file my_file-v8.cif (mmCIF, C-alpha atoms)
data_final
#
loop_
_atom_site.label_atom_id
_atom_site.label_comp_id
_atom_site.auth_asym_id
_atom_site.auth_seq_id
_atom_site.Cartn_x
_atom_site.Cartn_y
_atom_site.Cartn_z
CA MET A 1 0.00 0.00 0.00
CA LYS A 2 2.85 2.32 0.89
CA ARG A 3 4.51 1.69 -2.47
CA ILE A 4 1.26 2.41 -4.30
CA PHE A 5 0.90 5.69 -2.40
CA GLN A 6 4.50 6.69 -3.20
CA ALA A 7 4.03 5.88 -6.89
CA SER A 8 0.80 7.89 -6.99
CA LEU A 9 2.49 10.83 -5.27
CA ILE A 10 5.36 10.78 -7.77
CA SER A 11 2.90 10.70 -10.67
CA ILE A 12 0.96 13.66 -9.30
CA MET A 13 4.16 15.67 -8.76
CA ALA A 14 5.29 14.92 -12.33
CA VAL A 15 1.98 16.19 -13.72
CA LEU A 16 2.15 19.33 -11.57
CA LEU A 17 5.74 19.93 -12.66
CA THR A 18 4.73 19.58 -16.32
CA LEU A 19 1.85 22.02 -15.89
CA THR A 20 4.02 24.50 -14.03
CA THR A 21 6.73 24.36 -16.67
CA PHE A 22 4.16 24.86 -19.43
CA SER A 23 2.58 27.84 -17.73
CA VAL A 24 5.81 29.85 -17.52
CA SER A 25 7.04 29.08 -21.02
CA PRO A 26 7.18 32.22 -23.25
CA THR A 27 4.68 32.44 -26.07
CA VAL A 28 6.41 32.53 -29.45
CA THR A 29 4.43 33.20 -32.60
CA SER A 30 5.43 30.96 -35.48
CA ALA A 31 5.40 32.03 -39.12
CA ASP A 32 2.79 29.34 -39.75
CA SER A 33 0.30 30.91 -37.33
CA PHE A 34 1.26 34.53 -38.01
CA ASP A 35 -0.67 36.44 -40.66
CA VAL A 36 -0.87 40.01 -41.89
CA GLN A 37 -4.09 41.50 -43.21
CA ALA A 38 -2.70 42.82 -46.48
CA GLU A 39 -2.68 41.52 -50.03
CA SER A 40 1.10 41.50 -49.99
CA ALA A 41 3.62 41.96 -47.17
CA ILE A 42 7.24 41.42 -46.25
CA LEU A 43 9.57 41.90 -43.27
CA ILE A 44 13.36 42.01 -43.55
CA ASP A 45 16.36 42.63 -41.34
CA ALA A 46 18.12 45.79 -42.52
CA GLN A 47 21.61 44.57 -41.60
CA THR A 48 21.62 41.05 -43.01
CA GLY A 49 18.89 41.47 -45.63
CA LYS A 50 17.28 38.24 -44.42
CA ILE A 51 13.55 37.95 -45.08
CA LEU A 52 11.76 37.15 -41.82
CA TYR A 53 8.20 36.99 -43.14
CA ALA A 54 6.60 37.11 -46.56
CA LYS A 55 3.08 37.00 -47.93
CA GLN A 56 2.82 37.04 -51.72
CA PRO A 57 5.99 39.19 -51.78
CA ASP A 58 6.58 38.95 -55.54
CA ILE A 59 3.25 40.07 -56.98
CA LYS A 60 3.35 43.46 -58.70
CA LEU A 61 0.87 45.99 -57.33
CA PRO A 62 0.44 49.75 -57.66
CA PRO A 63 2.59 51.22 -54.86
CA ALA A 64 1.08 54.72 -54.95
CA SER A 65 3.45 57.18 -53.26
CA MET A 66 5.82 54.45 -52.13
CA THR A 67 7.21 55.03 -55.64
CA LYS A 68 8.74 58.17 -54.19
CA MET A 69 11.27 56.05 -52.28
CA MET A 70 13.13 55.55 -55.54
CA SER A 71 12.86 59.26 -56.27
CA GLU A 72 14.23 59.99 -52.79
CA TYR A 73 17.16 57.64 -53.34
CA LEU A 74 18.12 59.30 -56.64
CA VAL A 75 18.00 62.76 -55.02
CA LEU A 76 20.21 61.55 -52.15
CA GLU A 77 22.58 59.93 -54.64
CA ALA A 78 22.83 63.16 -56.66
CA ILE A 79 23.70 65.02 -53.45
CA ASP A 80 26.24 62.39 -52.47
CA LYS A 81 27.92 62.62 -55.89
CA GLY A 82 28.09 66.42 -55.72
CA LYS A 83 25.72 67.04 -58.65
CA ILE A 84 23.44 69.09 -56.39
CA SER A 85 23.39 70.08 -52.71
CA TRP A 86 20.69 70.58 -50.13
CA GLU A 87 21.00 74.32 -50.79
CA THR A 88 20.76 74.10 -54.59
CA THR A 89 17.74 76.06 -55.78
CA THR A 90 15.27 75.57 -58.60
CA GLN A 91 11.96 77.01 -59.73
CA ILE A 92 8.63 75.35 -60.40
CA SER A 93 7.78 74.47 -64.01
CA ASP A 94 4.33 74.88 -65.51
CA TYR A 95 3.80 71.11 -65.27
CA ALA A 96 4.77 70.90 -61.59
CA TYR A 97 2.72 74.02 -60.85
CA SER A 98 -0.40 72.50 -62.47
CA ILE A 99 -0.07 69.43 -60.24
CA SER A 100 0.56 71.57 -57.16
CA ALA A 101 -2.54 73.68 -57.81
CA ASN A 102 -4.79 70.63 -58.28
CA ALA A 103 -6.72 69.84 -55.08
CA GLU A 104 -7.38 66.28 -56.31
CA PHE A 105 -3.66 65.61 -55.96
CA SER A 106 -3.48 67.17 -52.47
CA GLY A 107 -1.16 69.85 -53.84
CA ILE A 108 0.23 72.32 -51.33
CA GLY A 109 0.14 75.23 -53.80
CA LEU A 110 3.70 76.07 -54.83
CA THR A 111 4.63 79.46 -56.23
CA GLN A 112 6.22 80.04 -59.62
CA SER A 113 9.11 82.43 -60.25
CA LYS A 114 10.42 81.63 -56.81
CA ASP A 115 13.56 79.76 -55.77
CA TYR A 116 13.06 76.61 -53.69
CA THR A 117 15.95 74.70 -52.14
CA VAL A 118 16.40 70.97 -52.62
CA ARG A 119 15.89 70.59 -48.86
CA GLN A 120 12.51 72.30 -49.02
CA LEU A 121 11.34 70.23 -51.96
CA TYR A 122 12.64 66.99 -50.45
CA GLU A 123 10.75 67.64 -47.21
CA GLY A 124 7.57 68.20 -49.20
CA MET A 125 8.14 64.89 -50.98
CA ALA A 126 9.16 62.83 -47.93
CA ILE A 127 7.00 64.28 -45.15
CA ILE A 128 3.62 64.82 -46.83
CA SER A 129 4.21 62.87 -50.04
CA ASP A 130 3.71 65.95 -52.23
CA ASN A 131 3.67 65.23 -55.96
CA ALA A 132 4.70 68.61 -57.34
CA THR A 133 7.85 68.86 -55.21
CA THR A 134 8.77 65.37 -56.44
CA ILE A 135 8.35 66.41 -60.07
CA ALA A 136 10.40 69.56 -59.49
CA LEU A 137 13.26 67.48 -58.07
CA ALA A 138 13.05 65.00 -60.96
CA GLU A 139 13.28 67.85 -63.48
CA LEU A 140 16.21 69.39 -61.59
CA ILE A 141 18.23 66.17 -61.59
CA ALA A 142 17.43 64.76 -65.04
CA GLY A 143 16.08 67.72 -67.04
CA SER A 144 12.64 66.11 -67.40
CA GLU A 145 10.52 63.56 -65.60
CA GLY A 146 10.82 61.27 -68.63
CA GLU A 147 14.62 61.17 -68.28
CA PHE A 148 14.27 60.75 -64.52
CA VAL A 149 12.04 57.70 -65.06
CA LYS A 150 14.83 56.18 -67.15
CA MET A 151 17.16 56.67 -64.18
CA MET A 152 14.61 55.02 -61.86
CA ASN A 153 14.32 51.93 -64.05
CA ALA A 154 18.09 51.76 -64.59
CA LYS A 155 18.73 51.85 -60.84
CA ALA A 156 16.12 49.14 -60.27
CA LYS A 157 17.87 46.90 -62.81
CA GLU A 158 21.25 47.66 -61.25
CA TRP A 159 19.93 46.44 -57.89
CA GLY A 160 18.41 43.33 -59.40
CA LEU A 161 14.77 44.21 -58.84
CA THR A 162 12.60 41.84 -60.83
CA ASP A 163 9.03 42.91 -60.06
CA PHE A 164 8.75 46.59 -60.93
CA GLN A 165 7.71 49.18 -63.47
CA PHE A 166 8.35 52.90 -63.18
CA VAL A 167 6.44 55.24 -65.50
CA ASN A 168 6.61 58.41 -63.39
CA ALA A 169 8.32 59.79 -60.31
CA THR A 170 5.26 60.19 -58.06
CA GLY A 171 3.14 57.04 -58.08
CA LEU A 172 0.16 58.71 -59.69
CA SER A 173 -1.39 57.05 -62.71
CA ASN A 174 -0.16 58.44 -66.03
CA GLU A 175 -3.80 58.99 -66.94
CA ASP A 176 -4.01 61.36 -63.95
CA LEU A 177 -1.16 63.36 -65.45
CA GLY A 178 -2.99 63.80 -68.75
CA GLU A 179 -0.86 65.27 -71.52
CA ASN A 180 1.99 65.75 -69.06
CA TYR A 181 2.71 62.04 -68.69
CA PRO A 182 6.49 61.43 -68.96
CA GLU A 183 7.83 61.11 -72.48
CA GLY A 184 8.62 57.55 -73.50
CA THR A 185 6.10 55.96 -71.14
CA ASP A 186 2.62 54.50 -71.66
CA PRO A 187 -0.02 57.27 -71.38
CA LYS A 188 -2.21 54.79 -69.51
CA GLY A 189 0.63 53.20 -67.52
CA GLN A 190 1.15 53.19 -63.79
CA ASP A 191 4.02 52.38 -61.46
CA LEU A 192 4.17 48.81 -60.18
CA LEU A 193 6.20 47.28 -57.37
CA SER A 194 6.20 44.06 -55.41
CA ALA A 195 6.55 44.19 -51.65
CA LYS A 196 9.98 42.59 -52.01
CA SER A 197 11.12 45.26 -54.48
CA ALA A 198 9.80 48.03 -52.23
CA ALA A 199 11.70 46.53 -49.31
CA LEU A 200 14.89 46.40 -51.37
CA ILE A 201 14.60 50.10 -52.25
CA ALA A 202 14.12 50.89 -48.55
CA TYR A 203 17.11 48.64 -47.74
CA HIS A 204 19.36 50.73 -49.97
CA ILE A 205 18.07 54.01 -48.54
CA VAL A 206 18.56 53.16 -44.85
CA ASN A 207 21.96 51.56 -45.39
CA GLU A 208 23.46 54.02 -47.87
CA TYR A 209 21.75 57.27 -46.87
CA PRO A 210 20.58 56.95 -43.25
CA GLU A 211 20.24 60.74 -43.11
CA ALA A 212 16.97 60.22 -44.99
CA LEU A 213 15.50 58.93 -41.73
CA GLU A 214 16.03 62.31 -40.07
CA ILE A 215 13.58 63.79 -42.56
CA SER A 216 11.15 60.86 -42.73
CA SER A 217 10.79 61.04 -38.93
CA THR A 218 10.28 64.82 -38.89
CA MET A 219 6.77 65.23 -37.59
CA ARG A 220 6.18 68.83 -38.65
CA SER A 221 7.86 71.29 -40.96
CA GLU A 222 6.67 74.17 -43.14
CA LEU A 223 6.82 75.32 -46.73
CA ASP A 224 5.64 78.73 -47.93
CA GLY A 225 4.08 79.28 -44.52
CA ARG A 226 2.05 76.08 -44.75
CA GLU A 227 2.46 73.31 -42.20
CA LEU A 228 3.77 69.99 -43.41
CA GLN A 229 2.43 67.29 -41.07
CA ASN A 230 3.90 63.83 -41.44
CA LEU A 231 1.49 61.17 -42.71
CA ASN A 232 3.14 58.46 -40.59
CA TRP A 233 0.88 57.84 -37.57
CA MET A 234 3.44 55.56 -35.91
CA LEU A 235 5.59 58.50 -34.84
CA PRO A 236 5.22 59.84 -31.25
CA TRP A 237 2.21 62.09 -31.84
CA GLU A 238 0.51 63.84 -28.93
CA ASP A 239 -2.84 63.47 -30.69
CA THR A 240 -4.80 60.79 -28.80
CA ASN A 241 -6.21 59.47 -32.07
CA PHE A 242 -2.70 58.50 -33.20
CA LYS A 243 -1.24 57.21 -29.92
CA GLN A 244 -2.59 53.71 -30.49
CA PHE A 245 -0.37 53.38 -33.56
CA TYR A 246 2.85 54.60 -31.93
CA MET A 247 5.73 52.17 -31.83
CA GLU A 248 9.11 52.78 -30.25
CA GLY A 249 11.92 53.14 -32.75
CA VAL A 250 9.83 53.88 -35.85
CA ASP A 251 11.46 56.61 -37.96
CA GLY A 252 10.14 56.06 -41.49
CA LEU A 253 9.67 55.48 -44.23
CA LYS A 254 6.87 56.08 -46.81
CA THR A 255 3.09 55.95 -46.96
CA GLY A 256 1.03 55.48 -50.11
CA TRP A 257 -2.58 55.57 -51.24
CA THR A 258 -4.57 55.65 -54.46
CA ASP A 259 -7.86 54.00 -55.41
CA GLU A 260 -5.93 51.32 -57.34
CA ALA A 261 -3.24 50.77 -54.71
CA GLY A 262 -5.31 50.91 -51.57
CA TYR A 263 -3.46 51.84 -48.39
CA CYS A 264 0.27 50.97 -48.38
CA PHE A 265 3.18 51.63 -46.06
CA THR A 266 6.89 50.91 -46.00
CA GLY A 267 7.90 51.15 -42.37
CA THR A 268 11.21 50.91 -40.57
CA ALA A 269 12.21 50.87 -36.91
CA GLU A 270 15.37 50.49 -34.87
CA ARG A 271 15.69 48.93 -31.43
CA ASP A 272 18.90 48.26 -29.53
CA GLY A 273 20.97 48.89 -32.64
CA ARG A 274 18.92 46.51 -34.81
CA ARG A 275 16.79 47.79 -37.70
CA LEU A 276 13.88 46.11 -39.46
CA ILE A 277 12.05 47.10 -42.65
CA SER A 278 8.44 46.16 -43.35
CA VAL A 279 6.11 46.61 -46.33
CA VAL A 280 2.33 46.18 -46.43
CA MET A 281 0.40 46.66 -49.67
CA LYS A 282 -3.31 46.98 -50.28
CA THR A 283 -4.54 47.04 -46.70
CA SER A 284 -8.17 47.87 -45.99
CA SER A 285 -7.88 51.35 -44.47
CA LYS A 286 -5.61 54.24 -43.56
CA SER A 287 -5.27 52.94 -40.01
CA ALA A 288 -4.97 49.25 -40.98
CA ARG A 289 -1.65 49.84 -42.73
CA PHE A 290 -0.16 51.01 -39.42
CA VAL A 291 -1.83 48.27 -37.36
CA GLU A 292 -0.43 45.59 -39.65
CA THR A 293 2.99 47.25 -39.79
CA LYS A 294 3.16 47.31 -36.00
CA LYS A 295 2.21 43.64 -35.93
CA LEU A 296 4.98 42.82 -38.41
CA LEU A 297 7.68 44.79 -36.64
CA GLU A 298 6.81 43.45 -33.19
CA TYR A 299 6.92 39.92 -34.59
CA GLY A 300 10.38 40.57 -36.02
CA PHE A 301 11.86 42.11 -32.88
CA ASN A 302 10.38 39.46 -30.57
CA THR A 303 11.02 36.35 -32.65
CA PHE A 304 14.43 36.94 -34.27
CA ALA A 305 17.86 38.15 -33.24
CA ASN A 306 21.10 38.88 -35.06
CA GLN A 307 23.80 36.52 -33.84
CA GLU A 308 27.36 35.59 -34.67
CA LEU A 309 27.01 31.98 -35.74
CA TYR A 310 30.70 31.40 -36.44
CA PRO A 311 33.61 33.65 -35.44
CA ALA A 312 36.44 34.77 -37.67
CA GLY A 313 39.04 32.00 -37.71
CA TYR A 314 36.44 29.23 -37.56
CA GLN A 315 37.69 25.81 -38.70
CA VAL A 316 35.84 22.64 -39.61
CA LYS A 317 37.27 19.63 -37.78
CA ASP A 318 39.33 17.31 -40.00
CA GLU A 319 39.17 19.85 -42.88
CA SER A 320 41.37 22.58 -41.45
CA VAL A 321 44.60 21.68 -43.30
CA ILE A 322 45.58 21.79 -46.98
CA PRO A 323 48.77 20.09 -48.28
CA VAL A 324 51.42 22.39 -49.80
CA VAL A 325 54.02 21.48 -52.44
CA LYS A 326 57.35 23.20 -53.16
CA GLY A 327 57.26 24.86 -49.76
CA LYS A 328 59.29 24.85 -46.55
CA GLU A 329 56.23 23.36 -44.89
CA ASP A 330 54.17 20.56 -46.38
CA GLN A 331 50.80 21.88 -45.21
CA VAL A 332 48.99 25.02 -44.04
CA GLU A 333 45.93 25.57 -41.90
CA ILE A 334 42.85 27.34 -43.30
CA ALA A 335 40.03 29.19 -41.54
CA SER A 336 37.22 31.68 -42.14
CA ALA A 337 38.42 35.23 -42.74
CA SER A 338 35.45 36.95 -41.09
CA PRO A 339 32.61 36.10 -38.74
CA VAL A 340 29.24 34.89 -40.01
CA VAL A 341 26.45 37.06 -38.61
CA THR A 342 22.86 36.28 -39.54
CA THR A 343 19.31 36.74 -38.35
CA ILE A 344 18.26 33.67 -36.39
CA LYS A 345 14.80 32.69 -35.27
CA ASN A 346 14.48 31.88 -31.57
CA GLY A 347 15.37 28.23 -30.97
CA GLU A 348 17.01 27.67 -34.36
CA GLU A 349 20.60 28.39 -33.45
CA LYS A 350 21.65 24.84 -34.47
CA ALA A 351 19.74 24.79 -37.78
CA TYR A 352 22.86 25.64 -39.79
CA GLU A 353 25.71 23.67 -41.35
CA VAL A 354 29.10 24.59 -42.80
CA THR A 355 30.65 23.48 -46.09
CA TYR A 356 34.10 24.30 -47.51
CA HIS A 357 34.51 25.07 -51.21
CA LEU A 358 38.18 25.24 -52.24
CA ASP A 359 39.20 27.31 -55.26
CA LYS A 360 40.28 24.74 -57.85
CA ASP A 361 42.23 27.36 -59.79
CA LYS A 362 44.60 27.71 -56.84
CA LEU A 363 45.21 23.98 -56.38
CA SER A 364 47.37 21.52 -58.25
CA GLU A 365 45.90 18.46 -59.95
CA ASP A 366 46.52 16.59 -56.71
CA GLY A 367 44.57 19.15 -54.66
CA GLU A 368 47.64 20.88 -53.19
CA LEU A 369 48.53 24.55 -52.80
CA VAL A 370 51.75 25.56 -54.51
CA ALA A 371 54.20 27.60 -52.42
CA PRO A 372 54.70 30.41 -51.76
CA VAL A 373 51.51 30.88 -49.74
CA LYS A 374 50.94 34.10 -47.82
CA LYS A 375 48.99 34.42 -44.61
CA GLY A 376 45.53 35.70 -45.53
CA ASP A 377 45.57 34.36 -49.10
CA LYS A 378 42.08 33.35 -50.16
CA VAL A 379 41.87 29.64 -50.92
CA GLY A 380 38.10 29.27 -51.23
CA THR A 381 34.87 30.03 -49.43
CA MET A 382 33.06 28.79 -46.35
CA GLU A 383 29.35 28.34 -47.06
CA VAL A 384 26.78 28.45 -44.25
CA THR A 385 23.43 26.86 -45.07
CA TYR A 386 20.18 27.15 -43.15
CA THR A 387 18.61 23.70 -42.72
CA GLY A 388 15.33 24.66 -41.05
CA ASP A 389 11.85 25.10 -42.48
CA ASN A 390 10.01 28.17 -43.79
CA ASP A 391 13.08 29.90 -45.15
CA TYR A 392 12.33 33.01 -47.20
CA GLY A 393 15.90 33.70 -48.32
CA TYR A 394 17.42 37.16 -48.59
CA VAL A 395 16.10 40.35 -50.13
CA LEU A 396 19.37 40.74 -52.06
CA GLY A 397 18.63 37.56 -54.00
CA LYS A 398 20.61 35.03 -51.94
CA GLU A 399 18.89 31.77 -51.24
CA LYS A 400 19.55 29.77 -48.06
CA THR A 401 23.30 30.32 -47.90
CA GLN A 402 25.85 32.86 -46.75
CA THR A 403 29.52 32.75 -47.68
CA VAL A 404 32.74 34.17 -46.27
CA ASP A 405 36.29 33.86 -47.56
CA LEU A 406 38.40 30.88 -46.55
CA VAL A 407 42.05 31.91 -46.06
CA ALA A 408 45.47 30.53 -45.14
CA THR A 409 46.29 31.20 -41.49
CA ALA A 410 50.08 31.22 -41.97
CA THR A 411 52.77 31.94 -44.54
CA VAL A 412 54.55 29.06 -46.26
CA GLU A 413 57.68 30.19 -48.06
CA LYS A 414 58.92 28.51 -51.20
CA ALA A 415 61.66 25.96 -50.55
CA ASN A 416 65.18 26.74 -51.89
CA TRP A 417 66.61 24.97 -54.96
CA PHE A 418 68.57 22.44 -52.91
CA MET A 419 65.54 21.30 -50.93
CA LEU A 420 63.44 21.17 -54.09
CA THR A 421 66.16 19.11 -55.83
CA MET A 422 66.48 16.69 -52.92
CA GLY A 423 62.73 16.39 -52.80
CA ALA A 424 62.60 15.61 -56.51
CA ILE A 425 65.33 12.96 -56.11
CA GLY A 426 63.48 11.46 -53.20
CA ASP A 427 60.31 11.34 -55.22
CA PHE A 428 62.18 9.71 -58.14
CA PHE A 429 63.61 6.88 -56.05
CA SER A 430 60.34 6.46 -54.18
CA ASN A 431 58.52 6.01 -57.47
CA LEU A 432 61.32 3.76 -58.80
CA PHE A 433 61.23 1.43 -55.80
CA SER A 434 57.43 1.36 -55.88
CA GLY A 435 57.59 0.31 -59.54
CA ILE A 436 60.14 -2.43 -58.81
CA ALA A 437 58.08 -3.70 -55.89
CA ASP A 438 54.97 -3.86 -58.05
CA THR A 439 56.91 -5.78 -60.74
CA VAL A 440 58.25 -8.29 -58.22
CA LYS A 441 54.77 -8.85 -56.82
CA GLY A 442 53.65 -9.64 -60.34
CA TRP A 443 56.13 -12.52 -60.59
CA PHE A 444 54.59 -14.37 -57.71
#
call {"tool": "encode", "arguments": {"input": "my_file-v8.cif", "output": "structure tokens"}}
result
Amino acid sequence: MKRIFQASLISIMAVLLTLTTFSVSPTVTSADSFDVQAESAILIDAQTGKILYAKQPDIKLPPASMTKMMSEYLVLEAIDKGKISWETTTQISDYAYSISANAEFSGIGLTQSKDYTVRQLYEGMAIISDNATTIALAELIAGSEGEFVKMMNAKAKEWGLTDFQFVNATGLSNEDLGENYPEGTDPKGQDLLSAKSAALIAYHIVNEYPEALEISSTMRSELDGRELQNLNWMLPWEDTNFKQFYMEGVDGLKTGWTDEAGYCFTGTAERDGRRLISVVMKTSSKSARFVETKKLLEYGFNTFANQELYPAGYQVKDESVIPVVKGKEDQVEIASASPVVTTIKNGEEKAYEVTYHLDKDKLSEDGELVAPVKKGDKVGTMEVTYTGDNDYGYVLGKEKTQTVDLVATATVEKANWFMLTMGAIGDFFSNLFSGIADTVKGWF
């Protein structure tokens, strides 16, 4: 009876322990159960470019004013290359003025025969998504919007975007522009972007021109005495109607809306030195785009972390040495030249494997390095492959792998002529004796 009681007590304690352990376990949302209420969406890490979540990321949709991200990049690039400066001035053309004066396009009413700085026009474009200021900047940089559109498409191809079409600098439909549609484009055309392509444009902006975030996070500015109030409701507004959308670390990037596009938003936020970029396209309402963006970003910050998987100098056991010929040493160690840092989902730290790929052009027919070998010489690559499920790859086009250089860890000098000669003689007699031994074996 006593034994039965003890066994029962142990069983009860085991159940209680299981229940207690379960109750304190953190809740982690999986990609399988996580969903975003948008026709297309994506979330990426801005440092590694790894895609953390994707929902129909490759379908082309009208991006509305998210088109202006490419226009912003080309303005920033022109400043960086010294073609213009923030203080460069320009005036408003008849075309840009007609757009600015049209209430249907939410124009702010620019003035002709007046000098505007690039900074003023950029703020109009980035803060309130103004169309006329965007056109004025396009004309300043390229001479016409038609030539600017060529630059937009060329840059997209340079980056490897696959799902895109730029027909104007603003994101309006060309039909909306009437007879002013950019030369060389379809009069009925409209800009198209996939969520993945939009994320890649944002990736280039935040990594190459982070100063853009100072403007995209500016809550209020002014132009010609008119207030420019940022359209991003996720910034720290005092207005109680917007407080529900606030998220710590959000500092950009671009809203968008047209009848065809619905409500879109490319968002970005930084926490503890880590930045994420999200895109939602064709959400149901002005507020929904921010609700879904917040959901995406929180998922990314809570479920993933950037970690150093393998340090610089990492070696694979039993593959860390390469034979060397014609050198003072007959082998040299190899190791990774730099650390491998990637974005890892919680609990998947071991879902990676390493493979060496030696450069055949640097090896002899027998798979040996030929001296001299210098410390740091590249001898191949170390490939790190993700072996888990639900991998979305990288926004830069990589699949499931990352690579770093594989290098020699020491210098192996070339042997002098005497040592090389003695080695050759040794090899000769070794081969001779091996041949004789094989012949003798054949006699018996």
call {"tool": "residues_around", "arguments": {"input": "my_file-v8.cif", "residues": "A:Leu223", "least_positions_apart": "5", "cutoff": "9 Å", "atoms": "only C-alpha atoms", "output": "list in words"}}
result
Ile108, Leu110, Gln120, Leu121, Glu123, Gly124 and Leu228 of chain A
call {"tool": "resolve_selection", "arguments": {"input": "my_file-v8.cif", "expression": "the PyMOL selection byres ((chain A and resi 274-279) around 6)", "output": "VMD selection string"}}
result
chain A and resid 41 to 46 195 265 to 273 280
call {"tool": "write_last_selection", "arguments": {"input": "my_file-v8.cif", "atoms": "C-alpha atoms", "output": "PDB file, keeping the file's coordinate frame"}}
result
ATOM      1  CA  ALA A  41       3.620  41.960 -47.170  1.00  0.00           C
ATOM      2  CA  ILE A  42       7.240  41.420 -46.250  1.00  0.00           C
ATOM      3  CA  LEU A  43       9.570  41.900 -43.270  1.00  0.00           C
ATOM      4  CA  ILE A  44      13.360  42.010 -43.550  1.00  0.00           C
ATOM      5  CA  ASP A  45      16.360  42.630 -41.340  1.00  0.00           C
ATOM      6  CA  ALA A  46      18.120  45.790 -42.520  1.00  0.00           C
ATOM      7  CA  ALA A 195       6.550  44.190 -51.650  1.00  0.00           C
ATOM      8  CA  PHE A 265       3.180  51.630 -46.060  1.00  0.00           C
ATOM      9  CA  THR A 266       6.890  50.910 -46.000  1.00  0.00           C
ATOM     10  CA  GLY A 267       7.900  51.150 -42.370  1.00  0.00           C
ATOM     11  CA  THR A 268      11.210  50.910 -40.570  1.00  0.00           C
ATOM     12  CA  ALA A 269      12.210  50.870 -36.910  1.00  0.00           C
ATOM     13  CA  GLU A 270      15.370  50.490 -34.870  1.00  0.00           C
ATOM     14  CA  ARG A 271      15.690  48.930 -31.430  1.00  0.00           C
ATOM     15  CA  ASP A 272      18.900  48.260 -29.530  1.00  0.00           C
ATOM     16  CA  GLY A 273      20.970  48.890 -32.640  1.00  0.00           C
ATOM     17  CA  VAL A 280       2.330  46.180 -46.430  1.00  0.00           C
TER      18      VAL A 280
END
call {"tool": "resolve_selection", "arguments": {"input": "my_file-v8.cif", "expression": "the PyMOL selection byres ((chain A and resi 412) around 9)", "output": "ChimeraX atom specification"}}
result
/A:324,327-332,371-375,410-411,413-415
call {"tool": "residues_around", "arguments": {"input": "my_file-v8.cif", "residues": "A:Ile127", "least_positions_apart": "6", "cutoff": "7 Å", "atoms": "only C-alpha atoms", "output": "CSV table (one decimal) with C-alpha atoms, keeping the file's coordinate frame"}}
result
chain,number,residue,atom,x,y,z
A,216,SER,CA,11.2,60.9,-42.7
A,228,LEU,CA,3.8,70.0,-43.4
A,229,GLN,CA,2.4,67.3,-41.1
A,230,ASN,CA,3.9,63.8,-41.4
A,231,LEU,CA,1.5,61.2,-42.7
call {"tool": "closest_residue", "arguments": {"input": "my_file-v8.cif", "among": "A:Trp159, A:Phe290, A:Tyr97, A:Tyr299", "to": "A:Asn131", "atoms": "all atoms listed in the file"}}
result
A:Tyr97
call {"tool": "closest_residue", "arguments": {"input": "my_file-v8.cif", "among": "A:Val395, A:Val341, A:Val291, A:Cys264", "to": "A:Ser65", "atoms": "all atoms listed in the file"}}
result
A:Cys264
call {"tool": "atom_distance", "arguments": {"input": "my_file-v8.cif", "atom1": "atom CA of A:Glu248", "atom2": "atom CA of A:Leu296"}}
result
13.5 Å
call {"tool": "closest_residue", "arguments": {"input": "my_file-v8.cif", "among": "A:Glu368, A:Asp176, A:Glu139, A:Asp94", "to": "A:Thr258", "atoms": "only C-alpha atoms"}}
result
A:Asp176
call {"tool": "resolve_selection", "arguments": {"input": "my_file-v8.cif", "expression": "the PyMOL selection byres ((chain A and resi 70-76) around 10)", "output": "NGL selection string"}}
result
:A and (66-69 or 77-86 or 118 or 122 or 125-126 or 134-135 or 137-138 or 140-141 or 148-149 or 151-153 or 155-156 or 166 or 168-170 or 198 or 201-202 or 204-206 or 208-209 or 211-212)
call {"tool": "atom_distance", "arguments": {"input": "my_file-v8.cif", "atom1": "atom CA of A:Glu175", "atom2": "atom CA of A:Tyr95"}}
result
14.4 Å
call {"tool": "residues_around", "arguments": {"input": "my_file-v8.cif", "residues": "A:Tyr386", "least_positions_apart": "3", "cutoff": "8 Å", "atoms": "all atoms listed in the file", "output": "list of chain:residue names"}}
result
A:Ala351, A:Tyr352, A:Glu353, A:Asp391, A:Lys400, A:Thr401
call {"tool": "write_last_selection", "arguments": {"input": "my_file-v8.cif", "atoms": "C-alpha atoms", "output": "compact mmCIF listing (two decimals), in the coordinates of the input"}}
result
# COMPACT_ATOMS: atom_id res chain seq x y z
CA ALA A 351 19.74 24.79 -37.78
CA TYR A 352 22.86 25.64 -39.79
CA GLU A 353 25.71 23.67 -41.35
CA ASP A 391 13.08 29.90 -45.15
CA LYS A 400 19.55 29.77 -48.06
CA THR A 401 23.30 30.32 -47.90
call {"tool": "residues_near_point", "arguments": {"input": "my_file-v8.cif", "point": "(38.1, 34.4, -40.3)", "cutoff": "8 Å", "atoms": "all atoms listed in the file", "output": "ChimeraX atom specification"}}
result
/A:311-314,335-339,405-407
call {"tool": "closest_residue", "arguments": {"input": "my_file-v8.cif", "among": "A:Val321, A:Leu309, A:Thr303, A:Lys286", "to": "A:Gly347", "atoms": "all atoms listed in the file"}}
result
A:Thr303
call {"tool": "atom_distance", "arguments": {"input": "my_file-v8.cif", "atom1": "atom CA of A:Met382", "atom2": "atom CA of A:Val404"}}
result
5.4 Å
call {"tool": "residues_around", "arguments": {"input": "my_file-v8.cif", "residues": "A:Arg289", "least_positions_apart": "5", "cutoff": "10 Å", "atoms": "only C-alpha atoms", "output": "number ranges by chain"}}
result
A: 36-38, 233, 245, 255-256, 262-267, 279-284, 294-295
call {"tool": "closest_residue", "arguments": {"input": "my_file-v8.cif", "among": "A:Gly397, A:Lys362, A:Gly109, A:Asn346", "to": "A:Glu227", "atoms": "all atoms listed in the file"}}
result
A:Gly109
call {"tool": "closest_residue", "arguments": {"input": "my_file-v8.cif", "among": "A:Leu369, A:Leu161, A:Leu235, A:Ile344", "to": "A:Gly300", "atoms": "all atoms listed in the file"}}
result
A:Ile344
